[in-house]
Structure formats: C-alpha cells, structure tokens
$ cat structure_39.pdb   # PDB, C-alpha atoms and all ligand atoms
ATOM      1  CA  MET V   1       5.909 -13.686  20.444
ATOM      2  CA  GLN V   2       2.527 -15.327  19.873
ATOM      3  CA  PRO V   3      -0.066 -14.542  22.574
ATOM      4  CA  ILE V   4      -0.486 -18.236  23.334
ATOM      5  CA  GLN V   5       1.199 -17.957  26.783
ATOM      6  CA  ARG V   6      -1.181 -15.210  27.816
ATOM      7  CA  LEU V   7      -3.991 -17.373  26.487
ATOM      8  CA  SER V   8      -3.211 -20.088  28.950
ATOM      9  CA  VAL V   9      -3.740 -17.607  31.802
ATOM     10  CA  TRP V  10      -6.957 -16.433  30.190
ATOM     11  CA  ASP V  11      -8.060 -20.011  29.679
ATOM     12  CA  PHE V  12      -7.382 -20.682  33.342
ATOM     13  CA  LEU V  13      -9.741 -17.885  34.293
ATOM     14  CA  HIS V  14     -12.355 -18.795  31.641
ATOM     15  CA  PRO V  15     -11.890 -22.513  30.960
ATOM     16  CA  ARG V  16     -15.015 -22.890  28.784
ATOM     17  CA  LYS V  17     -13.912 -20.376  26.162
ATOM     18  CA  THR V  18     -12.264 -21.692  23.014
ATOM     19  CA  GLU V  19      -8.896 -20.461  21.841
ATOM     20  CA  ILE V  20     -10.492 -18.593  18.935
ATOM     21  CA  GLU V  21     -12.838 -16.741  21.263
ATOM     22  CA  ALA V  22      -9.933 -15.942  23.548
ATOM     23  CA  ARG V  23      -7.850 -14.583  20.650
ATOM     24  CA  GLN V  24     -10.738 -12.365  19.600
ATOM     25  CA  LEU V  25     -11.005 -10.969  23.085
ATOM     26  CA  LEU V  26      -7.261 -10.356  23.267
ATOM     27  CA  ALA V  27      -7.191  -8.642  19.872
ATOM     28  CA  PRO V  28      -7.061  -4.840  19.943
ATOM     29  CA  LYS V  29     -10.548  -3.321  19.972
ATOM     30  CA  VAL V  30     -11.588  -1.867  16.632
ATOM     31  CA  ASP V  31     -13.750   1.237  16.672
ATOM     32  CA  LEU V  32     -16.828   0.221  14.693
ATOM     33  CA  SER V  33     -18.718   3.478  15.202
ATOM     34  CA  PRO V  34     -18.044   4.725  11.609
ATOM     35  CA  TYR V  35     -19.972   1.674  10.386
ATOM     36  CA  LEU V  36     -23.136   2.201  12.412
ATOM     37  CA  LEU V  37     -26.229   2.575  10.247
ATOM     38  CA  PRO V  38     -27.852   6.008  10.287
ATOM     39  CA  GLU V  39     -31.617   6.478  10.434
ATOM     40  CA  GLY V  40     -33.665   5.955   7.276
ATOM     41  CA  HIS V  41     -32.922   3.995   4.138
ATOM     42  CA  VAL V  42     -29.355   2.829   3.631
ATOM     43  CA  HIS V  43     -27.721   1.569   0.446
ATOM     44  CA  ILE V  44     -24.422  -0.321   0.669
ATOM     45  CA  ALA V  45     -22.503  -0.282  -2.615
ATOM     46  CA  PHE V  46     -20.652  -3.569  -3.076
ATOM     47  CA  SER V  47     -18.339  -3.396  -6.104
ATOM     48  CA  GLY V  48     -17.307  -7.045  -5.854
ATOM     49  CA  GLY V  49     -13.812  -6.121  -4.665
ATOM     50  CA  ARG V  50     -11.958  -6.764  -1.418
ATOM     51  CA  THR V  51     -12.322  -3.221  -0.089
ATOM     52  CA  SER V  52     -16.089  -2.885  -0.329
ATOM     53  CA  ALA V  53     -16.473  -6.460   0.952
ATOM     54  CA  PHE V  54     -14.368  -5.462   3.964
ATOM     55  CA  MET V  55     -16.636  -2.441   4.488
ATOM     56  CA  LEU V  56     -19.676  -4.714   4.371
ATOM     57  CA  HIS V  57     -18.061  -7.008   6.934
ATOM     58  CA  GLN V  58     -17.453  -4.113   9.314
ATOM     59  CA  ILE V  59     -21.039  -2.884   8.870
ATOM     60  CA  LEU V  60     -22.284  -6.353   9.799
ATOM     61  CA  GLU V  61     -19.941  -6.440  12.790
ATOM     62  CA  ALA V  62     -21.215  -3.056  13.973
ATOM     63  CA  ASN V  63     -24.940  -3.620  13.373
ATOM     64  CA  GLY V  64     -25.612  -7.354  13.276
ATOM     65  CA  ASP V  65     -28.209  -8.519  10.749
ATOM     66  CA  LEU V  66     -29.195  -5.741   8.399
ATOM     67  CA  PRO V  67     -32.731  -4.335   8.738
ATOM     68  CA  ASP V  68     -35.201  -4.220   5.834
ATOM     69  CA  ARG V  69     -34.511  -0.512   5.328
ATOM     70  CA  CYS V  70     -31.041  -1.489   4.130
ATOM     71  CA  GLU V  71     -30.028  -2.727   0.622
ATOM     72  CA  VAL V  72     -26.713  -4.206  -0.470
ATOM     73  CA  SER V  73     -26.290  -4.164  -4.243
ATOM     74  CA  PHE V  74     -23.753  -5.296  -6.821
ATOM     75  CA  GLN V  75     -23.997  -3.725 -10.287
ATOM     76  CA  ASN V  76     -22.703  -6.053 -12.969
ATOM     77  CA  THR V  77     -21.186  -4.542 -16.117
ATOM     78  CA  GLY V  78     -20.742  -8.013 -17.612
ATOM     79  CA  ARG V  79     -16.983  -7.450 -17.949
ATOM     80  CA  GLU V  80     -16.027  -8.615 -14.462
ATOM     81  CA  MET V  81     -13.716 -11.566 -14.096
ATOM     82  CA  PRO V  82     -15.451 -14.875 -13.179
ATOM     83  CA  GLN V  83     -13.654 -14.802  -9.837
ATOM     84  CA  THR V  84     -15.506 -11.607  -8.933
ATOM     85  CA  TYR V  85     -18.908 -13.217  -9.496
ATOM     86  CA  ASP V  86     -17.958 -16.180  -7.330
ATOM     87  CA  PHE V  87     -16.631 -13.862  -4.634
ATOM     88  CA  VAL V  88     -19.814 -11.768  -4.506
ATOM     89  CA  ALA V  89     -21.900 -14.923  -4.197
ATOM     90  CA  GLU V  90     -19.617 -16.345  -1.510
ATOM     91  CA  VAL V  91     -19.700 -13.158   0.560
ATOM     92  CA  GLY V  92     -23.487 -13.307   0.567
ATOM     93  CA  ARG V  93     -23.569 -17.000   1.445
ATOM     94  CA  ARG V  94     -20.923 -16.998   4.164
ATOM     95  CA  TRP V  95     -21.976 -13.788   5.873
ATOM     96  CA  GLY V  96     -25.702 -14.414   5.530
ATOM     97  CA  VAL V  97     -26.426 -11.164   3.727
ATOM     98  CA  GLU V  98     -28.758 -10.678   0.789
ATOM     99  CA  ILE V  99     -27.015  -8.999  -2.135
ATOM    100  CA  THR V 100     -29.133  -7.667  -4.996
ATOM    101  CA  TRP V 101     -27.470  -8.236  -8.379
ATOM    102  CA  LEU V 102     -28.385  -5.489 -10.833
ATOM    103  CA  GLU V 103     -27.662  -4.768 -14.490
ATOM    104  CA  TYR V 104     -28.187  -1.771 -16.727
ATOM    105  CA  ARG V 105     -30.813  -2.128 -19.457
ATOM    106  CA  PRO V 106     -31.302   0.301 -22.368
ATOM    107  CA  ASP V 107     -35.106   0.370 -22.015
ATOM    108  CA  LYS V 108     -37.244   1.437 -19.090
ATOM    109  CA  PRO V 109     -36.982   0.923 -16.182
ATOM    110  CA  LEU V 110     -33.300   0.902 -17.277
ATOM    111  CA  PHE V 111     -32.289  -1.878 -14.870
ATOM    112  CA  GLU V 112     -32.962  -5.522 -14.173
ATOM    113  CA  VAL V 113     -32.501  -7.676 -11.081
ATOM    114  CA  VAL V 114     -30.541 -10.697 -12.287
ATOM    115  CA  GLY V 115     -28.910 -12.743  -9.498
ATOM    116  CA  TYR V 116     -25.790 -14.893  -9.744
ATOM    117  CA  GLN V 117     -27.217 -17.401 -12.218
ATOM    118  CA  GLY V 118     -28.736 -14.789 -14.482
ATOM    119  CA  ALA V 119     -25.789 -12.377 -14.467
ATOM    120  CA  SER V 120     -24.307 -11.457 -17.851
ATOM    121  CA  ARG V 121     -20.809 -12.838 -18.339
ATOM    122  CA  ASN V 122     -19.858 -11.377 -21.707
ATOM    123  CA  GLY V 123     -20.324  -7.626 -21.402
ATOM    124  CA  GLU V 124     -23.966  -7.511 -22.487
ATOM    125  CA  PRO V 125     -25.007  -4.519 -20.288
ATOM    126  CA  PHE V 126     -21.915  -2.624 -21.474
ATOM    127  CA  ASP V 127     -22.673  -3.589 -25.123
ATOM    128  CA  ALA V 128     -26.178  -2.183 -24.756
ATOM    129  CA  LEU V 129     -24.930   1.101 -23.290
ATOM    130  CA  ILE V 130     -22.318   1.608 -26.036
ATOM    131  CA  ALA V 131     -24.941   0.849 -28.688
ATOM    132  CA  LYS V 132     -27.299   3.406 -27.156
ATOM    133  CA  LYS V 133     -24.627   6.095 -26.814
ATOM    134  CA  LYS V 134     -22.980   5.304 -30.178
ATOM    135  CA  ALA V 135     -19.728   6.273 -28.478
ATOM    136  CA  LEU V 136     -17.005   4.872 -26.235
ATOM    137  CA  PRO V 137     -16.247   6.058 -22.707
ATOM    138  CA  ASN V 138     -12.725   7.233 -21.922
ATOM    139  CA  GLN V 139     -10.661   8.734 -19.117
ATOM    140  CA  ALA V 140     -12.325  12.134 -19.490
ATOM    141  CA  GLN V 141     -15.842  10.743 -19.949
ATOM    142  CA  LYS V 142     -16.477   7.866 -17.580
ATOM    143  CA  TRP V 143     -20.203   7.626 -18.258
ATOM    144  CA  CYS V 144     -19.938   3.829 -18.171
ATOM    145  CA  SER V 145     -19.347   3.932 -14.432
ATOM    146  CA  ALA V 146     -22.212   6.367 -13.837
ATOM    147  CA  GLN V 147     -24.707   4.485 -16.010
ATOM    148  CA  LEU V 148     -23.747   0.874 -15.366
ATOM    149  CA  LYS V 149     -23.166   1.266 -11.634
ATOM    150  CA  SER V 150     -24.332   4.395  -9.782
ATOM    151  CA  LEU V 151     -27.459   5.154 -11.808
ATOM    152  CA  THR V 152     -28.439   1.511 -12.133
ATOM    153  CA  ALA V 153     -28.477   1.246  -8.337
ATOM    154  CA  LYS V 154     -30.330   4.540  -8.020
ATOM    155  CA  ARG V 155     -33.042   3.493 -10.476
ATOM    156  CA  TYR V 156     -33.579   0.282  -8.583
ATOM    157  CA  LEU V 157     -33.866   2.062  -5.218
ATOM    158  CA  VAL V 158     -36.262   4.683  -6.606
ATOM    159  CA  ALA V 159     -38.388   1.882  -8.110
ATOM    160  CA  LYS V 160     -38.584   0.392  -4.602
ATOM    161  CA  GLY V 161     -40.137   3.662  -3.471
ATOM    162  CA  TRP V 162     -37.124   5.158  -1.747
ATOM    163  CA  LYS V 163     -37.073   8.966  -1.789
ATOM    164  CA  THR V 164     -33.736   9.657  -0.099
ATOM    165  CA  TRP V 165     -31.101   7.436   1.436
ATOM    166  CA  SER V 166     -27.574   7.158   2.813
ATOM    167  CA  ASN V 167     -25.040   5.578   0.476
ATOM    168  CA  PHE V 168     -22.164   3.622   2.055
ATOM    169  CA  ILE V 169     -19.213   3.736  -0.356
ATOM    170  CA  GLY V 170     -15.901   1.923   0.114
ATOM    171  CA  PHE V 171     -13.377   4.683  -0.544
ATOM    172  CA  ARG V 172     -10.307   4.172   1.629
ATOM    173  CA  ALA V 173      -8.204   6.684   3.533
ATOM    174  CA  ASP V 174      -5.281   6.139   1.127
ATOM    175  CA  GLU V 175      -7.294   7.227  -1.925
ATOM    176  CA  PRO V 176      -8.390  10.766  -0.992
ATOM    177  CA  HIS V 177      -8.664  11.764  -4.678
ATOM    178  CA  ARG V 178     -11.761   9.618  -5.211
ATOM    179  CA  ASN V 179     -15.079  11.447  -5.141
ATOM    180  CA  ALA V 180     -18.526  10.005  -4.711
ATOM    181  CA  PHE V 181     -21.067  10.262  -7.523
ATOM    182  CA  GLN V 182     -23.106  13.419  -6.893
ATOM    183  CA  ASP V 183     -26.727  12.570  -6.277
ATOM    184  CA  ASN V 184     -29.633  14.734  -5.165
ATOM    185  CA  ARG V 185     -31.258  11.831  -3.310
ATOM    186  CA  ALA V 186     -28.282  10.097  -1.688
ATOM    187  CA  ARG V 187     -25.947  11.248   1.056
ATOM    188  CA  ALA V 188     -22.500   9.645   0.667
ATOM    189  CA  ILE V 189     -21.033   7.972   3.759
ATOM    190  CA  LEU V 190     -17.366   6.952   3.594
ATOM    191  CA  PRO V 191     -16.734   4.895   6.756
ATOM    192  CA  LEU V 192     -13.335   3.538   5.646
ATOM    193  CA  ARG V 193     -11.986   7.089   5.398
ATOM    194  CA  VAL V 194     -13.353   7.973   8.823
ATOM    195  CA  ALA V 195     -11.826   4.788  10.259
ATOM    196  CA  GLY V 196      -8.453   5.479   8.566
ATOM    197  CA  VAL V 197      -8.524   2.186   6.647
ATOM    198  CA  SER V 198      -5.817   1.795   3.981
ATOM    199  CA  ARG V 199      -5.242  -0.961   1.421
ATOM    200  CA  HIS V 200      -2.801  -2.603   3.854
ATOM    201  CA  HIS V 201      -5.563  -3.025   6.447
ATOM    202  CA  VAL V 202      -7.800  -4.568   3.790
ATOM    203  CA  ILE V 203      -5.128  -6.999   2.590
ATOM    204  CA  ALA V 204      -4.304  -7.984   6.167
ATOM    205  CA  PHE V 205      -8.003  -8.609   6.846
ATOM    206  CA  TRP V 206      -8.352 -10.949   3.865
ATOM    207  CA  GLN V 207      -5.200 -12.837   4.792
ATOM    208  CA  ARG V 208      -6.970 -13.833   8.017
ATOM    209  CA  GLN V 209     -10.212 -14.983   6.327
ATOM    210  CA  PRO V 210     -11.076 -18.551   5.307
ATOM    211  CA  PHE V 211     -11.950 -17.335   1.781
ATOM    212  CA  ASP V 212     -10.857 -14.522  -0.518
ATOM    213  CA  LEU V 213     -11.270 -13.024  -3.968
ATOM    214  CA  SER V 214      -9.211 -15.282  -6.251
ATOM    215  CA  LEU V 215      -7.536 -12.444  -8.132
ATOM    216  CA  PRO V 216      -3.880 -11.536  -7.529
ATOM    217  CA  VAL V 217      -2.714  -8.459  -5.649
ATOM    218  CA  VAL V 218       0.277  -6.596  -7.125
ATOM    219  CA  ASN V 219       1.637  -3.560  -5.259
ATOM    220  CA  GLY V 220      -1.495  -3.512  -3.144
ATOM    221  CA  ARG V 221      -3.826  -3.449  -6.168
ATOM    222  CA  THR V 222      -6.130  -6.222  -7.307
ATOM    223  CA  ILE V 223      -5.369  -7.231 -10.891
ATOM    224  CA  GLY V 224      -8.657  -7.670 -12.771
ATOM    225  CA  GLY V 225     -10.717  -5.946 -10.074
ATOM    226  CA  ASN V 226     -12.357  -3.456 -12.451
ATOM    227  CA  CYS V 227     -13.879  -4.362 -15.821
ATOM    228  CA  ASP V 228     -11.266  -6.665 -17.375
ATOM    229  CA  GLY V 229      -9.954  -4.172 -19.963
ATOM    230  CA  CYS V 230     -10.918  -0.931 -18.206
ATOM    231  CA  PHE V 231      -9.301   2.112 -19.847
ATOM    232  CA  LEU V 232      -8.288   3.424 -16.417
ATOM    233  CA  GLN V 233      -5.703   0.694 -16.108
ATOM    234  CA  SER V 234      -2.103   1.088 -17.222
ATOM    235  CA  GLU V 235      -0.971   0.120 -20.712
ATOM    236  CA  ALA V 236       1.039  -2.693 -19.143
ATOM    237  CA  THR V 237      -2.032  -4.158 -17.411
ATOM    238  CA  ILE V 238      -4.145  -3.955 -20.564
ATOM    239  CA  ALA V 239      -1.289  -5.502 -22.586
ATOM    240  CA  ALA V 240      -1.109  -8.364 -20.083
ATOM    241  CA  LEU V 241      -4.833  -8.968 -20.647
ATOM    242  CA  SER V 242      -4.282  -9.328 -24.396
ATOM    243  CA  ARG V 243      -1.520 -11.859 -23.703
ATOM    244  CA  ASP V 244      -3.288 -13.855 -20.962
ATOM    245  CA  HIS V 245      -6.944 -13.522 -22.018
ATOM    246  CA  PRO V 246      -7.073 -12.767 -25.759
ATOM    247  CA  ALA V 247     -10.799 -13.519 -25.987
ATOM    248  CA  ARG V 248     -11.514 -11.002 -23.232
ATOM    249  CA  ALA V 249      -9.249  -8.389 -24.838
ATOM    250  CA  SER V 250     -11.004  -8.864 -28.187
ATOM    251  CA  TRP V 251     -14.258  -7.457 -26.730
ATOM    252  CA  TRP V 252     -12.577  -4.061 -26.284
ATOM    253  CA  GLU V 253     -10.911  -4.178 -29.701
ATOM    254  CA  LYS V 254     -14.233  -5.090 -31.345
ATOM    255  CA  HIS V 255     -15.914  -2.003 -29.885
ATOM    256  CA  GLU V 256     -13.096   0.281 -31.045
ATOM    257  CA  ASN V 257     -13.436  -1.141 -34.549
ATOM    258  CA  ASN V 258     -17.232  -0.769 -34.550
ATOM    259  CA  VAL V 259     -17.405   2.779 -33.179
ATOM    260  CA  GLY V 260     -14.278   4.081 -34.911
ATOM    261  CA  HIS V 261     -12.755   5.598 -31.751
ATOM    262  CA  THR V 262     -10.407   4.338 -29.074
ATOM    263  CA  PHE V 263     -10.834   3.977 -25.305
ATOM    264  CA  SER V 264      -7.451   5.626 -24.762
ATOM    265  CA  LYS V 265      -5.867   8.701 -26.367
ATOM    266  CA  ARG V 266      -2.463   7.004 -26.378
ATOM    267  CA  PHE V 267      -3.137   3.740 -28.202
ATOM    268  CA  SER V 268      -5.736   1.522 -29.826
ATOM    269  CA  ARG V 269      -6.379  -2.010 -28.578
ATOM    270  CA  ARG V 270      -5.392  -3.338 -31.993
ATOM    271  CA  GLU V 271      -2.036  -1.522 -31.868
ATOM    272  CA  LEU V 272      -1.385  -2.791 -28.360
ATOM    273  CA  ARG V 273      -2.204  -6.364 -29.361
ATOM    274  CA  LYS V 274       0.073  -6.137 -32.411
ATOM    275  CA  PHE V 275       2.844  -4.676 -30.264
ATOM    276  CA  MET V 276       2.530  -7.572 -27.812
ATOM    277  CA  GLU V 277       2.545 -10.103 -30.634
ATOM    278  CA  ARG V 278       5.841  -8.602 -31.851
ATOM    279  CA  GLN V 279       7.509  -8.037 -28.498
ATOM    280  CA  GLY V 280       6.062 -10.800 -26.331
ATOM    281  CA  ASP V 281       6.913 -10.816 -22.621
ATOM    282  CA  TRP V 282       9.860  -8.501 -23.215
ATOM    283  CA  ALA V 283       7.449  -5.568 -23.300
ATOM    284  CA  LEU V 284       5.979  -6.491 -19.931
ATOM    285  CA  SER V 285       9.211  -7.315 -18.158
ATOM    286  CA  THR V 286      11.195  -4.309 -19.410
ATOM    287  CA  GLU V 287      10.647  -1.209 -17.355
ATOM    288  CA  GLY V 288       9.504   1.703 -19.462
ATOM    289  CA  ALA V 289       8.426  -0.352 -22.490
ATOM    290  CA  LEU V 290       4.788   0.189 -21.547
ATOM    291  CA  CYS V 291       3.251   2.802 -19.298
ATOM    292  CA  GLN V 292       2.702   1.402 -15.788
ATOM    293  CA  LYS V 293       0.553   4.273 -14.582
ATOM    294  CA  ASN V 294      -3.102   3.711 -13.764
ATOM    295  CA  GLU V 295      -5.457   6.548 -14.661
ATOM    296  CA  GLY V 296      -7.640   6.491 -11.577
ATOM    297  CA  GLU V 297     -10.345   4.092 -10.481
ATOM    298  CA  CYS V 298     -13.901   3.307 -11.336
ATOM    299  CA  THR V 299     -15.997   5.499  -9.066
ATOM    300  CA  GLU V 300     -19.259   4.092  -7.936
TER     301      GLU V 300
HETATM  302  S1  LIG I   1     -14.380  -0.375 -14.424
HETATM  303 FE1  LIG I   1     -13.701   1.092 -16.046
HETATM  304  S2  LIG I   1     -14.767   0.405 -17.912
HETATM  305 FE2  LIG I   1     -15.818  -0.553 -16.147
HETATM  306  S3  LIG I   1     -17.479   0.829 -15.630
HETATM  307 FE3  LIG I   1     -15.745   1.421 -14.358
HETATM  308  S4  LIG I   1     -14.679   3.064 -15.515
HETATM  309 FE4  LIG I   1     -16.062   1.987 -16.945
END
$ encode --input "structure_39.pdb" --output "structure tokens"
Amino acid sequence: MQPIQRLSVWDFLHPRKTEIEARQLLAPKVDLSPYLLPEGHVHIAFSGGRTSAFMLHQILEANGDLPDRCEVSFQNTGREMPQTYDFVAEVGRRWGVEITWLEYRPDKPLFEVVGYQGASRNGEPFDALIAKKKALPNQAQKWCSAQLKSLTAKRYLVAKGWKTWSNFIGFRADEPHRNAFQDNRARAILPLRVAGVSRHHVIAFWQRQPFDLSLPVVNGRTIGGNCDGCFLQSEATIAALSRDHPARASWWEKHENNVGHTFSKRFSRRELRKFMERQGDWALSTEGALCQKNEGECTE
C-alpha cells in the first residue's frame, strides 16, 4: 500500500510541508556515515557511470557542498559513448558540483584539463597511448586503465601540489573481486562496499531520479558503460557493437591491423566482424554462438 494515508496524518500535524518533503521524512533513514569526507585532500573518482554517480550523490548528501580540498574528476579515454559525456555534464549541472574533465597526453605533464566542450570524442587519448607503447592492452595487461584513468588523475592532483590524499572509488559490495589501483600517495576509500550497496540499489536509485544515463541496462549491467569496444566485454557485446555501431567498432579493428596484435586471445575484431556479416542476428540471439562472459571491469 502506498504511504499516502499515513501522509495525510503527517500533513495534519505539519500542514506546511509538501508531500515530497513528507515522503522523504517517511523514507527509511540511510546511514550516510561511510560517505563522510575524511581530513585532508580527497579525490572522488567519477567514471561517468551510474554507480560512481550514485556514490557522488551520497557524498553530497552526507557532506553538503564539497570543500576546496576535494576534487571530483572524470578521465576521458575518448572511447566513451556520447551518452556518457552528456551524463557527466548533467550530473555536474544538476547537483551543482564541479567535475574536472581530464585526458591523458603523451608529453609532459602527461595530462590536460579539457572540459565537456573540449573532450575528445574519437579515441584520441587512447590513440596517443597506443602509439607511444607500440602495443595493445589486453585482459592480462590493462595498462590502458592505469594510464588513461588512474595515473592521469594522479598526475593532475600532484600538479596541483597535493602530496597525499584519500581516493573515493565506486566499487560495490557485489563486486568484491575488484581491487583499487595501488598508489603510494592515495588511500583508497570504498564507501559503497562499507554501505553494502549492490547494483540493485544503484538501479533503484536511478529509477527514482528525474534524469539518468541514457544507456541500457541488461542483467544489471550498463551496455556501453566502459570504452565502447573494451576487450573486457563478452564476445557477444563486442559483436553487437560491430552490428550497431560499425564506425565505432572499426577503431578497434584499425588498431589491431596497425599493431599486428589483437585485443583478445580468442578472436580478432576483423574475424568477429566477418562472422557477424555472415551470421547476422542469429549469432547474437542463439545461446552459445558467442561467448557471453565478461572478463572483469575497468578498474580505476
Ligand atoms: S574500459 Fe577497457 S579499454 Fe577502456 S581503459 Fe578500461 S580496460 Fe582499457
């Protein structure tokens, strides 16, 4: 039963309160203590996904406006979906929080502050890293995540003069296998784990919000939430990209052709594209035709 009947009693006692305020007061109290800011400098890692946005929301709920000793950053690889860029900008606008948009650069200081307008949209930071390494990352060697995300943020914070800091990272309670990037300057804080937040809590939160990330959720996972053709995704997901976004898929195939290696041990992007051209949707709708297993997540 909806709590509207109890609201009428509450409204009788507090006639000036609106229904929304009354609902908030009747809602079960959430323990926000895991989200309280510690002393010293604090970095909040915003990946552009629903989970880390939820973490940011809870931090704002617990602390109010963020002090100057706090930085929220989004590291752009250039391979995010356009919806992610719009979502990051909207989070900042609606919640009144300044988000620093950063990108990897191959030359010192190895990062650049870019902002929404200046953000790369065609993989340029990732291109530059592959050109510098003359290699491709893969499941065993995820240096793209370290360089494009964790170290890019670190370089920016060190350039600001920070010596040590606390790093809020949005790893949930239902993904205990994920480990924070080891850093001699940063202490990882995982408030979602402490608060017992799972993907179901995050989805339920976004269903109640007036805006959301415009990328679909399938089995509790956001499709397109990592780099668009990330090698950690299942064969089926990467095959769907080549069907639905051939221009985006071609970026990954181009790099395999140029470097002469593949992102995955199991298949090349060219082979997967050819397979999809032969089999069409049959391959995606038939269980077992393509591997459905994800190979972990991008760790920031
Ligand atoms: S999402 Fe995948 S490809 Fe992109 S940086 Fe992370 S591990 Fe690398």
$ residues_around --input "structure_39.pdb" --residues "region 70-74 of chain V" --least-positions-apart "3" --cutoff "10 Å" --atoms "only C-alpha atoms" --output "PyMOL selection string"
chain V and resi 37+40-48+56+66-67+77+85+88+92+97-103+113+115+149+152-153+156-157+165-168
$ write_last_selection --input "structure_39.pdb" --atoms "C-alpha atoms" --output "mmCIF file, in the coordinates of the input"
data_model
loop_
_atom_site.group_PDB
_atom_site.id
_atom_site.type_symbol
_atom_site.label_atom_id
_atom_site.label_comp_id
_atom_site.auth_asym_id
_atom_site.auth_seq_id
_atom_site.Cartn_x
_atom_site.Cartn_y
_atom_site.Cartn_z
ATOM 1 C CA LEU V 37 -26.229 2.575 10.247
ATOM 2 C CA GLY V 40 -33.665 5.955 7.276
ATOM 3 C CA HIS V 41 -32.922 3.995 4.138
ATOM 4 C CA VAL V 42 -29.355 2.829 3.631
ATOM 5 C CA HIS V 43 -27.721 1.569 0.446
ATOM 6 C CA ILE V 44 -24.422 -0.321 0.669
ATOM 7 C CA ALA V 45 -22.503 -0.282 -2.615
ATOM 8 C CA PHE V 46 -20.652 -3.569 -3.076
ATOM 9 C CA SER V 47 -18.339 -3.396 -6.104
ATOM 10 C CA GLY V 48 -17.307 -7.045 -5.854
ATOM 11 C CA LEU V 56 -19.676 -4.714 4.371
ATOM 12 C CA LEU V 66 -29.195 -5.741 8.399
ATOM 13 C CA PRO V 67 -32.731 -4.335 8.738
ATOM 14 C CA THR V 77 -21.186 -4.542 -16.117
ATOM 15 C CA TYR V 85 -18.908 -13.217 -9.496
ATOM 16 C CA VAL V 88 -19.814 -11.768 -4.506
ATOM 17 C CA GLY V 92 -23.487 -13.307 0.567
ATOM 18 C CA VAL V 97 -26.426 -11.164 3.727
ATOM 19 C CA GLU V 98 -28.758 -10.678 0.789
ATOM 20 C CA ILE V 99 -27.015 -8.999 -2.135
ATOM 21 C CA THR V 100 -29.133 -7.667 -4.996
ATOM 22 C CA TRP V 101 -27.470 -8.236 -8.379
ATOM 23 C CA LEU V 102 -28.385 -5.489 -10.833
ATOM 24 C CA GLU V 103 -27.662 -4.768 -14.490
ATOM 25 C CA VAL V 113 -32.501 -7.676 -11.081
ATOM 26 C CA GLY V 115 -28.910 -12.743 -9.498
ATOM 27 C CA LYS V 149 -23.166 1.266 -11.634
ATOM 28 C CA THR V 152 -28.439 1.511 -12.133
ATOM 29 C CA ALA V 153 -28.477 1.246 -8.337
ATOM 30 C CA TYR V 156 -33.579 0.282 -8.583
ATOM 31 C CA LEU V 157 -33.866 2.062 -5.218
ATOM 32 C CA TRP V 165 -31.101 7.436 1.436
ATOM 33 C CA SER V 166 -27.574 7.158 2.813
ATOM 34 C CA ASN V 167 -25.040 5.578 0.476
ATOM 35 C CA PHE V 168 -22.164 3.622 2.055
#
$ resolve_selection --input "structure_39.pdb" --expression "the PyMOL selection byres (((chain V and resi 206) around 12) and not hetatm)" --output "NGL selection string"
:V and (49-55 or 57 or 199-205 or 207-214 or 217)
$ axis_aligned_box --input "structure_39.pdb" --around "ligand LIG 1 (chain I)" --padding-each-side "6 Å" --output "lines of an AutoDock Vina configuration file"
center_x = -15.6
center_y = 1.3
center_z = -16.1
size_x = 15.8
size_y = 15.6
size_z = 15.6
$ residues_near_ligand --input "structure_39.pdb" --ligand "ligand LIG 1 (chain I)" --cutoff "7 Å" --atoms "all atoms listed in the file" --output "JSON, numbers by chain"
{"V": [77, 142, 144, 145, 148, 149, 226, 227, 229, 230, 231, 232, 297, 298, 299]}
$ atom_distance --input "structure_39.pdb" --atom1 "CA of Asn63 (chain V)" --atom2 "CA of Ala89 (chain V)"
21.1 Å
$ atom_distance --input "structure_39.pdb" --atom1 "CA of Lys163 (chain V)" --atom2 "CA of Pro38 (chain V)"
15.5 Å
$ resolve_selection --input "structure_39.pdb" --expression "the PyMOL selection byres (((chain V and resi 188-196) around 7) and not hetatm)" --output "PyMOL selection string"
chain V and resi 34-35+55+166-173+180+186-187+197-198
$ atom_distance --input "structure_39.pdb" --atom1 "CA of Asn122 (chain V)" --atom2 "CA of Phe275 (chain V)"
25.2 Å
$ residues_around --input "structure_39.pdb" --residues "Leu241 (chain V)" --least-positions-apart "4" --cutoff "12 Å" --atoms "all atoms listed in the file" --output "JSON, numbers by chain"
{"V": [81, 223, 224, 227, 228, 229, 230, 231, 233, 234, 235, 236, 237, 245, 246, 247, 248, 249, 250, 251, 252, 253, 269, 272, 273, 276, 284]}
$ closest_residue --input "structure_39.pdb" --among "V:Asp183, V:Glu277, V:Glu112, V:Asp174" --to "Ala146 (chain V)" --atoms "only C-alpha atoms"
V:Asp183
$ closest_residue --input "structure_39.pdb" --among "V:Lys160, V:Arg105, V:Arg278, V:Lys134" --to "His261 (chain V)" --atoms "all atoms listed in the file"
V:Lys134
$ closest_residue --input "structure_39.pdb" --among "V:Asn179, V:Thr84, V:Gln75, V:Gln147" --to "Pro106 (chain V)" --atoms "all atoms listed in the file"
V:Gln147
$ decode --input "structure_39.pdb" --residues "region 255-265 of chain V" --atoms "N, CA and C atoms" --output "mmCIF file, in the first residue's frame"
data_model
loop_
_atom_site.group_PDB
_atom_site.id
_atom_site.type_symbol
_atom_site.label_atom_id
_atom_site.label_comp_id
_atom_site.auth_asym_id
_atom_site.auth_seq_id
_atom_site.Cartn_x
_atom_site.Cartn_y
_atom_site.Cartn_z
ATOM 1 N N HIS V 255 43.279 -0.496 -35.028
ATOM 2 C CA HIS V 255 44.467 -0.628 -34.176
ATOM 3 C C HIS V 255 45.045 -2.036 -34.227
ATOM 4 N N GLU V 256 44.205 -3.045 -34.321
ATOM 5 C CA GLU V 256 44.731 -4.418 -34.452
ATOM 6 C C GLU V 256 45.511 -4.550 -35.760
ATOM 7 N N ASN V 257 44.979 -3.976 -36.815
ATOM 8 C CA ASN V 257 45.686 -4.047 -38.108
ATOM 9 C C ASN V 257 47.019 -3.311 -38.042
ATOM 10 N N ASN V 258 47.032 -2.141 -37.422
ATOM 11 C CA ASN V 258 48.252 -1.323 -37.372
ATOM 12 C C ASN V 258 49.346 -1.966 -36.526
ATOM 13 N N VAL V 259 48.959 -2.488 -35.352
ATOM 14 C CA VAL V 259 49.964 -3.009 -34.418
ATOM 15 C C VAL V 259 50.333 -4.452 -34.749
ATOM 16 N N GLY V 260 49.392 -5.180 -35.377
ATOM 17 C CA GLY V 260 49.684 -6.575 -35.715
ATOM 18 C C GLY V 260 49.414 -7.542 -34.580
ATOM 19 N N HIS V 261 48.656 -7.117 -33.582
ATOM 20 C CA HIS V 261 48.226 -7.992 -32.479
ATOM 21 C C HIS V 261 46.723 -7.812 -32.299
ATOM 22 N N THR V 262 46.162 -8.626 -31.414
ATOM 23 C CA THR V 262 44.727 -8.500 -31.150
ATOM 24 C C THR V 262 44.500 -8.122 -29.678
ATOM 25 N N PHE V 263 43.341 -7.521 -29.411
ATOM 26 C CA PHE V 263 42.988 -7.159 -28.036
ATOM 27 C C PHE V 263 42.600 -8.394 -27.219
ATOM 28 N N SER V 264 42.143 -9.428 -27.926
ATOM 29 C CA SER V 264 41.703 -10.650 -27.248
ATOM 30 C C SER V 264 42.493 -11.830 -27.773
ATOM 31 N N LYS V 265 42.750 -12.832 -26.900
ATOM 32 C CA LYS V 265 43.435 -14.046 -27.335
ATOM 33 C C LYS V 265 42.527 -14.893 -28.221
#
